[in-house]
>>> print(open('model_32.tsv').read())   # TSV, C-alpha atoms
chain	number	residue	atom	x	y	z
A	257	MET	CA	-76.24	-45.04	95.00
A	258	ILE	CA	-73.62	-45.78	92.37
A	259	GLU	CA	-70.86	-45.79	94.97
A	260	ASP	CA	-72.88	-48.03	97.28
A	261	TYR	CA	-73.65	-50.40	94.41
A	262	LEU	CA	-70.00	-50.64	93.37
A	263	THR	CA	-69.05	-51.32	96.99
A	264	TYR	CA	-71.57	-54.17	96.95
A	265	LEU	CA	-70.02	-55.58	93.77
A	266	ALA	CA	-66.56	-55.29	95.31
A	267	ALA	CA	-67.82	-57.21	98.34
A	268	CYS	CA	-69.01	-59.90	95.91
A	269	HIS	CA	-65.41	-59.99	94.59
A	270	ASP	CA	-66.38	-58.91	91.11
A	271	SER	CA	-63.36	-57.89	89.03
A	272	ARG	CA	-62.11	-54.32	88.80
A	273	GLN	CA	-62.97	-54.41	85.11
A	274	THR	CA	-66.61	-55.24	85.94
A	275	LEU	CA	-66.77	-52.41	88.47
A	276	ARG	CA	-65.25	-49.98	85.98
A	277	ILE	CA	-67.64	-50.88	83.16
A	278	ARG	CA	-70.77	-50.87	85.32
A	279	GLY	CA	-69.79	-47.62	86.98
A	280	TYR	CA	-69.24	-46.04	83.58
A	281	TYR	CA	-72.64	-47.04	82.16
A	282	LEU	CA	-74.51	-46.01	85.31
A	283	SER	CA	-72.78	-42.63	85.40
A	284	ARG	CA	-73.59	-42.08	81.74
A	285	PHE	CA	-77.24	-43.03	82.27
A	286	ASN	CA	-77.42	-40.81	85.37
A	287	SER	CA	-76.19	-37.85	83.31
A	288	ILE	CA	-79.25	-38.28	81.07
A	289	VAL	CA	-81.86	-38.98	83.73
A	290	PRO	CA	-81.34	-39.30	87.51
A	291	LEU	CA	-81.18	-42.99	88.40
A	292	ALA	CA	-83.78	-42.64	91.15
A	293	GLN	CA	-86.26	-41.04	88.74
A	294	ALA	CA	-85.75	-43.27	85.70
A	295	CYS	CA	-88.68	-45.27	84.35
A	296	GLU	CA	-88.83	-48.22	81.98
A	297	ALA	CA	-89.09	-45.93	78.96
A	298	ASP	CA	-85.87	-44.17	80.00
A	299	CYS	CA	-84.06	-47.52	80.24
A	300	LEU	CA	-85.37	-48.57	76.84
A	301	ALA	CA	-84.26	-45.29	75.28
A	302	PHE	CA	-80.80	-45.72	76.75
A	303	LEU	CA	-80.57	-49.28	75.38
A	304	ALA	CA	-81.51	-47.93	71.96
A	305	THR	CA	-78.51	-45.56	71.85
A	306	PRO	CA	-77.46	-45.32	68.17
A	307	GLY	CA	-74.15	-46.87	67.25
A	308	TRP	CA	-74.04	-49.46	70.03
A	309	SER	CA	-73.27	-53.02	69.02
A	310	SER	CA	-75.43	-55.83	70.33
A	311	GLU	CA	-72.56	-56.80	72.66
A	312	THR	CA	-72.47	-53.30	74.17
A	313	ALA	CA	-76.25	-53.23	74.53
A	314	ARG	CA	-76.16	-56.62	76.28
A	315	SER	CA	-73.60	-55.25	78.74
A	316	VAL	CA	-75.73	-52.15	79.39
A	317	ARG	CA	-78.86	-54.26	79.92
A	318	SER	CA	-77.01	-56.48	82.38
A	319	THR	CA	-75.77	-53.40	84.25
A	320	LEU	CA	-79.22	-51.81	84.52
A	321	ARG	CA	-80.91	-55.04	85.62
A	322	SER	CA	-78.24	-55.75	88.22
A	323	PHE	CA	-78.23	-52.20	89.60
A	324	TYR	CA	-81.99	-51.80	89.85
A	325	THR	CA	-82.46	-55.27	91.33
A	326	TRP	CA	-79.93	-54.35	94.02
A	327	ALA	CA	-81.58	-50.96	94.59
A	328	ALA	CA	-85.03	-52.54	94.98
A	329	ASP	CA	-83.80	-55.38	97.19
A	330	THR	CA	-82.03	-52.96	99.54
A	331	GLY	CA	-85.03	-50.62	99.81
A	332	ARG	CA	-83.35	-47.72	98.05
A	333	LEU	CA	-86.06	-47.75	95.39
A	334	THR	CA	-89.63	-49.03	95.51
A	335	THR	CA	-89.79	-50.08	91.84
A	336	ASN	CA	-87.49	-51.76	89.36
A	337	PRO	CA	-87.71	-50.04	85.95
A	338	ALA	CA	-85.33	-52.57	84.35
A	339	VAL	CA	-87.21	-55.74	85.21
A	340	ARG	CA	-88.89	-56.03	81.78
A	341	LEU	CA	-86.04	-54.91	79.55
A	342	PRO	CA	-86.00	-57.06	76.39
A	343	VAL	CA	-83.50	-59.83	75.92
A	344	ILE	CA	-80.84	-58.83	73.39
A	345	HIS	CA	-79.83	-61.84	71.36
A	346	GLU	CA	-76.19	-62.35	70.62
A	347	LYS	CA	-75.08	-61.70	67.06
A	348	PRO	CA	-71.62	-63.21	66.88
A	349	PRO	CA	-69.36	-61.68	64.23
A	350	LEU	CA	-67.24	-63.73	61.87
A	351	PRO	CA	-63.66	-64.48	62.98
A	352	HIS	CA	-61.31	-61.66	62.01
A	353	PRO	CA	-57.70	-62.67	62.69
A	354	LEU	CA	-55.07	-60.09	61.84
A	355	PRO	CA	-53.29	-61.15	58.63
A	356	GLU	CA	-49.81	-62.56	59.21
A	357	ALA	CA	-48.08	-59.88	57.14
A	358	GLU	CA	-49.69	-57.14	59.22
A	359	TYR	CA	-48.87	-59.00	62.43
A	360	GLN	CA	-45.19	-59.19	61.51
A	361	ARG	CA	-45.17	-55.54	60.50
A	362	ALA	CA	-46.63	-54.55	63.88
A	363	LEU	CA	-43.94	-56.54	65.70
A	364	ASP	CA	-41.23	-54.90	63.59
A	365	GLU	CA	-42.49	-51.37	64.26
A	366	ALA	CA	-43.65	-51.48	67.89
A	367	PRO	CA	-41.12	-50.81	70.67
A	368	ASN	CA	-41.37	-52.51	74.02
A	369	PRO	CA	-43.49	-52.81	76.07
A	370	TRP	CA	-46.09	-52.39	73.28
A	371	ARG	CA	-44.43	-55.11	71.19
A	372	ILE	CA	-44.72	-57.52	74.12
A	373	GLY	CA	-48.38	-56.56	74.54
A	374	ILE	CA	-48.98	-57.37	70.87
A	375	ARG	CA	-47.28	-60.75	71.31
A	376	LEU	CA	-49.25	-61.60	74.45
A	377	ALA	CA	-52.50	-61.06	72.53
A	378	GLY	CA	-51.33	-62.61	69.25
A	379	GLU	CA	-49.27	-65.53	70.57
A	380	ALA	CA	-50.90	-66.27	73.94
A	381	GLY	CA	-54.50	-65.17	73.28
A	382	LEU	CA	-54.84	-62.63	76.11
A	383	ARG	CA	-57.67	-60.09	76.19
A	384	ARG	CA	-56.72	-56.42	76.37
A	385	SER	CA	-57.76	-56.25	80.03
A	386	GLU	CA	-55.53	-59.27	80.72
A	387	VAL	CA	-52.58	-57.77	78.87
A	388	ALA	CA	-52.93	-54.54	80.83
A	389	GLN	CA	-52.71	-56.38	84.17
A	390	VAL	CA	-49.56	-58.42	83.49
A	391	ALA	CA	-47.11	-58.10	86.38
A	392	ARG	CA	-43.72	-59.57	87.28
A	393	ALA	CA	-45.37	-61.60	90.04
A	394	ASP	CA	-47.54	-63.40	87.47
A	395	LEU	CA	-44.60	-65.10	85.75
A	396	PHE	CA	-43.61	-68.55	86.95
A	397	ARG	CA	-41.79	-71.66	85.77
A	398	ASP	CA	-43.68	-74.89	85.22
A	399	LEU	CA	-42.15	-78.27	84.36
A	400	PHE	CA	-41.54	-77.32	80.74
A	401	GLY	CA	-40.93	-73.57	80.61
A	402	VAL	CA	-42.36	-70.17	81.46
A	403	SER	CA	-46.07	-69.66	82.13
A	404	LEU	CA	-48.15	-66.62	82.94
A	405	ARG	CA	-50.89	-66.33	85.53
A	406	VAL	CA	-53.66	-64.49	83.69
A	407	HIS	CA	-56.36	-62.49	85.48
A	408	GLY	CA	-59.45	-63.05	83.37
A	409	LYS	CA	-63.08	-62.03	83.32
A	410	GLY	CA	-65.07	-62.27	86.52
A	411	GLY	CA	-61.96	-62.62	88.64
A	412	LYS	CA	-61.15	-66.01	87.11
A	413	GLU	CA	-57.50	-66.95	86.75
A	414	ARG	CA	-55.82	-69.33	84.34
A	415	ALA	CA	-52.25	-70.36	83.57
A	416	VAL	CA	-51.10	-69.77	79.99
A	417	PRO	CA	-47.80	-71.30	78.80
A	418	LEU	CA	-45.66	-68.89	76.79
A	419	ASN	CA	-43.52	-69.88	73.83
A	420	GLU	CA	-39.80	-69.72	74.58
A	421	SER	CA	-38.97	-66.43	72.85
A	422	LEU	CA	-42.01	-64.62	74.29
A	423	GLY	CA	-41.20	-65.95	77.75
A	424	VAL	CA	-37.62	-64.71	77.52
A	425	GLU	CA	-38.64	-61.29	76.18
A	426	LEU	CA	-41.27	-60.79	78.89
A	427	ARG	CA	-39.00	-61.97	81.73
A	428	THR	CA	-36.18	-59.70	80.54
A	429	TRP	CA	-38.43	-56.65	80.39
A	430	LEU	CA	-40.06	-57.29	83.75
A	431	ARG	CA	-36.73	-57.52	85.57
A	432	GLY	CA	-36.82	-53.76	85.81
A	433	HIS	CA	-40.57	-53.29	86.15
A	434	VAL	CA	-43.32	-54.37	88.53
A	435	TRP	CA	-45.98	-54.08	85.81
A	436	LEU	CA	-45.68	-54.59	82.07
A	437	PHE	CA	-47.63	-51.32	81.68
A	438	PRO	CA	-47.14	-49.28	84.88
A	439	SER	CA	-49.17	-46.12	85.39
A	440	GLY	CA	-47.69	-42.90	86.76
A	441	THR	CA	-46.89	-44.79	89.95
A	442	THR	CA	-45.76	-48.39	90.37
A	443	SER	CA	-48.80	-49.16	92.51
A	444	THR	CA	-51.07	-49.94	89.56
A	445	HIS	CA	-51.16	-50.48	85.79
A	446	LEU	CA	-52.47	-48.55	82.79
A	447	THR	CA	-56.13	-49.01	81.91
A	448	PRO	CA	-57.07	-51.62	79.29
A	449	ASP	CA	-58.58	-48.92	77.08
A	450	TYR	CA	-55.33	-46.94	77.04
A	451	VAL	CA	-53.22	-50.03	76.36
A	452	ALA	CA	-55.53	-51.04	73.48
A	453	LYS	CA	-55.45	-47.50	72.08
A	454	ARG	CA	-51.66	-47.42	72.04
A	455	ILE	CA	-51.31	-50.89	70.55
A	456	ARG	CA	-53.86	-50.06	67.88
A	457	GLN	CA	-51.46	-47.40	66.58
A	458	TYR	CA	-49.32	-50.23	65.23
A	459	LEU	CA	-52.22	-52.03	63.53
A	460	PRO	CA	-54.02	-51.17	60.27
A	461	PRO	CA	-56.97	-48.77	60.77
A	462	GLU	CA	-59.64	-51.43	60.33
A	463	TRP	CA	-58.13	-53.83	62.88
A	464	SER	CA	-58.41	-53.79	66.68
A	465	MET	CA	-56.42	-55.45	69.44
A	466	HIS	CA	-59.10	-58.15	69.61
A	467	SER	CA	-58.06	-59.32	66.13
A	468	LEU	CA	-54.76	-60.39	67.69
A	469	ARG	CA	-56.65	-62.76	69.97
A	470	HIS	CA	-58.45	-64.11	66.90
A	471	ARG	CA	-55.04	-64.54	65.26
A	472	PHE	CA	-53.88	-66.69	68.17
A	473	ALA	CA	-57.00	-68.87	68.08
A	474	THR	CA	-56.85	-69.36	64.32
A	475	VAL	CA	-53.14	-70.19	64.13
A	476	ALA	CA	-53.20	-72.43	67.22
A	477	TYR	CA	-56.13	-74.45	65.90
A	478	ALA	CA	-54.73	-74.66	62.36
A	479	ARG	CA	-51.47	-76.13	63.68
A	480	THR	CA	-52.95	-78.52	66.26
A	481	SER	CA	-56.66	-79.13	65.47
A	482	ASP	CA	-57.15	-79.14	69.28
A	483	ILE	CA	-60.14	-76.87	69.82
A	484	ARG	CA	-60.47	-77.82	73.51
A	485	ALA	CA	-56.91	-76.72	74.25
A	486	VAL	CA	-57.54	-73.45	72.41
A	487	GLN	CA	-60.67	-72.97	74.51
A	488	GLU	CA	-58.70	-73.44	77.75
A	489	LEU	CA	-55.98	-71.04	76.67
A	490	LEU	CA	-58.49	-68.35	75.68
A	491	GLY	CA	-60.36	-68.71	78.97
A	492	HIS	CA	-63.73	-69.43	77.37
A	493	ALA	CA	-66.41	-71.16	79.41
A	494	ASN	CA	-68.29	-72.20	76.26
A	495	LEU	CA	-66.76	-74.04	73.33
A	496	ASN	CA	-69.18	-72.29	70.96
A	497	THR	CA	-67.51	-68.99	71.82
A	498	THR	CA	-64.10	-70.39	70.91
A	499	GLN	CA	-65.36	-71.61	67.54
A	500	ARG	CA	-66.33	-68.05	66.65
A	501	TYR	CA	-62.68	-67.01	67.08
A	502	VAL	CA	-61.28	-69.58	64.68
A	503	ALA	CA	-61.16	-68.72	60.99
A	504	MET	CA	-60.85	-71.92	59.00
A	505	PRO	CA	-57.80	-71.82	56.70
A	506	VAL	CA	-58.79	-71.25	53.08
A	507	GLN	CA	-56.61	-74.16	51.99
A	508	ARG	CA	-58.50	-76.56	54.26
A	509	LEU	CA	-61.90	-75.29	53.06
A	510	ARG	CA	-60.78	-75.63	49.46
A	511	ALA	CA	-59.53	-79.16	50.07
A	512	VAL	CA	-62.83	-80.19	51.64
A	513	ALA	CA	-64.88	-78.50	48.92
A	514	SER	CA	-62.86	-80.25	46.19
A	515	THR	CA	-63.97	-83.65	47.48
A	516	ALA	CA	-67.51	-82.90	46.27
A	517	ARG	CA	-66.49	-82.70	42.61
A	518	ALA	CA	-68.30	-84.88	40.11
A	519	ALA	CA	-66.86	-88.33	39.58
>>> encode(input="model_32.tsv", output="structure tokens")
Amino acid sequence: MIEDYLTYLAACHDSRQTLRIRGYYLSRFNSIVPLAQACEADCLAFLATPGWSSETARSVRSTLRSFYTWAADTGRLTTNPAVRLPVIHEKPPLPHPLPEAEYQRALDEAPNPWRIGIRLAGEAGLRRSEVAQVARADLFRDLFGVSLRVHGKGGKERAVPLNESLGVELRTWLRGHVWLFPSGTTSTHLTPDYVAKRIRQYLPPEWSMHSLRHRFATVAYARTSDIRAVQELLGHANLNTTQRYVAMPVQRLRAVASTARAA
């Protein structure tokens, strides 16, 4: 059933990342209890897995509801054990941009292509899955310089302009490579998880690759005050999501707070 379900998602043109994540959660759940025999209590127990963040649990809930709705609609199962799974409310974390000193240190220590991957996240705002998929064919020239065609969530694409030095470094590297991060063969790229794991070796222990994306959002907004442009570059559908990526500069907060002093 998992293979049939993933084929259905592929026919819906869901992204490879979506197929990979949903296949992983279903296989993990199936290793605990056979999918065809699972009841609502089994689904609830799986959602309550210790250590999962609310974001992970939301992804698991979405996977179970989608899979069992498909299975019921296609007659593979007579009941849907996921239909009453509780809504998991989002608990957005505070922005956590990588400090500039640590960002510069990572650039100094990382060799290419990992250095370029760090720059694409920290200076262009790409997600790890987007960094992993960068290919020579995605680079193009617009009226003002080099841009990158980014393959985002849900199969959505967007064009992200690159600063001059990043554009030159990426173009130079890709002259000899089809992918920025090729796998064992040139037919595909490394997985996002592997790319993130390797890049994380150049970051402090408490920081992840996602903090580079927060770094981009924070610096870009601080220098332009254009939150809508930052939203477009990050590929966010909702402006509220973008605002959670932007850490307000301490100097600006202090300046605003000082205006409330007693006369």
>>> atom_distance(input="model_32.tsv", atom1="atom CA of Leu468 of chain A", atom2="atom CA of Pro353 of chain A")
6.2 Å
>>> residues_around(input="model_32.tsv", residues="Leu404 of chain A", least_positions_apart="3", cutoff="9 Å", atoms="all atoms listed in the file", output="VMD selection string")
chain A and resid 390 394 to 397 414 to 418 423
>>> atom_distance(input="model_32.tsv", atom1="atom CA of His470 of chain A", atom2="atom CA of Tyr501 of chain A")
5.1 Å
>>> atom_distance(input="model_32.tsv", atom1="atom CA of Val512 of chain A", atom2="atom CA of Tyr477 of chain A")
16.8 Å
>>> closest_residue(input="model_32.tsv", among="A:Ala511, A:Ile344, A:Ala391, A:Leu320", to="Leu446 of chain A", atoms="only C-alpha atoms")
A:Ala391
>>> axis_aligned_box(input="model_32.tsv", around="segment 290-298 of chain A", padding_each_side="4 Å", output="lines of an AutoDock Vina configuration file")
center_x = -85.1
center_y = -43.8
center_z = 85.1
size_x = 15.9
size_y = 16.9
size_z = 20.2
>>> closest_residue(input="model_32.tsv", among="A:Pro342, A:Pro367, A:Pro337, A:Pro351", to="Gln293 of chain A", atoms="only C-alpha atoms")
A:Pro337
>>> residues_around(input="model_32.tsv", residues="Val343 of chain A", least_positions_apart="2", cutoff="10 Å", atoms="all atoms listed in the file", output="ChimeraX atom specification")
/A:313-314,317-318,340-341,345-346
>>> closest_residue(input="model_32.tsv", among="A:Ala292, A:Ser315, A:Lys412, A:Met257", to="Thr334 of chain A", atoms="all atoms listed in the file")
A:Ala292
>>> closest_residue(input="model_32.tsv", among="A:Met504, A:Val387, A:Leu489, A:Leu265", to="Ile455 of chain A", atoms="only C-alpha atoms")
A:Val387
>>> build_atoms(input="model_32.tsv", residues="segment 484-497 of chain A", atoms="N, CA, C and O atoms", output="PDB file, keeping the file's coordinate frame")
ATOM      1  N   ARG A 484     -60.293 -77.871  72.053  1.00  0.00           N
ATOM      2  CA  ARG A 484     -60.470 -77.820  73.510  1.00  0.00           C
ATOM      3  C   ARG A 484     -59.283 -77.134  74.172  1.00  0.00           C
ATOM      4  O   ARG A 484     -59.462 -76.356  75.109  1.00  0.00           O
ATOM      5  N   ALA A 485     -58.074 -77.404  73.693  1.00  0.00           N
ATOM      6  CA  ALA A 485     -56.910 -76.720  74.250  1.00  0.00           C
ATOM      7  C   ALA A 485     -56.966 -75.228  73.964  1.00  0.00           C
ATOM      8  O   ALA A 485     -56.645 -74.398  74.825  1.00  0.00           O
ATOM      9  N   VAL A 486     -57.398 -74.869  72.754  1.00  0.00           N
ATOM     10  CA  VAL A 486     -57.540 -73.450  72.410  1.00  0.00           C
ATOM     11  C   VAL A 486     -58.562 -72.787  73.333  1.00  0.00           C
ATOM     12  O   VAL A 486     -58.366 -71.663  73.807  1.00  0.00           O
ATOM     13  N   GLN A 487     -59.655 -73.488  73.597  1.00  0.00           N
ATOM     14  CA  GLN A 487     -60.670 -72.970  74.510  1.00  0.00           C
ATOM     15  C   GLN A 487     -60.081 -72.682  75.889  1.00  0.00           C
ATOM     16  O   GLN A 487     -60.311 -71.619  76.472  1.00  0.00           O
ATOM     17  N   GLU A 488     -59.309 -73.617  76.422  1.00  0.00           N
ATOM     18  CA  GLU A 488     -58.700 -73.440  77.750  1.00  0.00           C
ATOM     19  C   GLU A 488     -57.751 -72.251  77.753  1.00  0.00           C
ATOM     20  O   GLU A 488     -57.737 -71.459  78.699  1.00  0.00           O
ATOM     21  N   LEU A 489     -56.962 -72.123  76.724  1.00  0.00           N
ATOM     22  CA  LEU A 489     -55.980 -71.040  76.670  1.00  0.00           C
ATOM     23  C   LEU A 489     -56.645 -69.673  76.537  1.00  0.00           C
ATOM     24  O   LEU A 489     -56.153 -68.678  77.084  1.00  0.00           O
ATOM     25  N   LEU A 490     -57.766 -69.613  75.825  1.00  0.00           N
ATOM     26  CA  LEU A 490     -58.490 -68.350  75.680  1.00  0.00           C
ATOM     27  C   LEU A 490     -59.295 -67.988  76.920  1.00  0.00           C
ATOM     28  O   LEU A 490     -59.703 -66.844  77.083  1.00  0.00           O
ATOM     29  N   GLY A 491     -59.566 -68.975  77.776  1.00  0.00           N
ATOM     30  CA  GLY A 491     -60.360 -68.710  78.970  1.00  0.00           C
ATOM     31  C   GLY A 491     -61.841 -68.649  78.711  1.00  0.00           C
ATOM     32  O   GLY A 491     -62.569 -67.939  79.407  1.00  0.00           O
ATOM     33  N   HIS A 492     -62.311 -69.407  77.704  1.00  0.00           N
ATOM     34  CA  HIS A 492     -63.730 -69.430  77.370  1.00  0.00           C
ATOM     35  C   HIS A 492     -64.449 -70.512  78.170  1.00  0.00           C
ATOM     36  O   HIS A 492     -63.971 -71.642  78.261  1.00  0.00           O
ATOM     37  N   ALA A 493     -65.607 -70.172  78.703  1.00  0.00           N
ATOM     38  CA  ALA A 493     -66.410 -71.160  79.410  1.00  0.00           C
ATOM     39  C   ALA A 493     -67.179 -72.039  78.436  1.00  0.00           C
ATOM     40  O   ALA A 493     -67.512 -73.183  78.742  1.00  0.00           O
ATOM     41  N   ASN A 494     -67.455 -71.503  77.249  1.00  0.00           N
ATOM     42  CA  ASN A 494     -68.290 -72.200  76.260  1.00  0.00           C
ATOM     43  C   ASN A 494     -67.491 -72.451  74.991  1.00  0.00           C
ATOM     44  O   ASN A 494     -66.880 -71.533  74.433  1.00  0.00           O
ATOM     45  N   LEU A 495     -67.503 -73.691  74.537  1.00  0.00           N
ATOM     46  CA  LEU A 495     -66.760 -74.040  73.330  1.00  0.00           C
ATOM     47  C   LEU A 495     -67.302 -73.317  72.102  1.00  0.00           C
ATOM     48  O   LEU A 495     -66.553 -73.012  71.171  1.00  0.00           O
ATOM     49  N   ASN A 496     -68.601 -73.013  72.089  1.00  0.00           N
ATOM     50  CA  ASN A 496     -69.180 -72.290  70.960  1.00  0.00           C
ATOM     51  C   ASN A 496     -68.540 -70.920  70.785  1.00  0.00           C
ATOM     52  O   ASN A 496     -68.394 -70.430  69.658  1.00  0.00           O
ATOM     53  N   THR A 497     -68.184 -70.290  71.894  1.00  0.00           N
ATOM     54  CA  THR A 497     -67.510 -68.990  71.820  1.00  0.00           C
ATOM     55  C   THR A 497     -66.158 -69.132  71.140  1.00  0.00           C
ATOM     56  O   THR A 497     -65.789 -68.322  70.274  1.00  0.00           O
TER      57      THR A 497
END
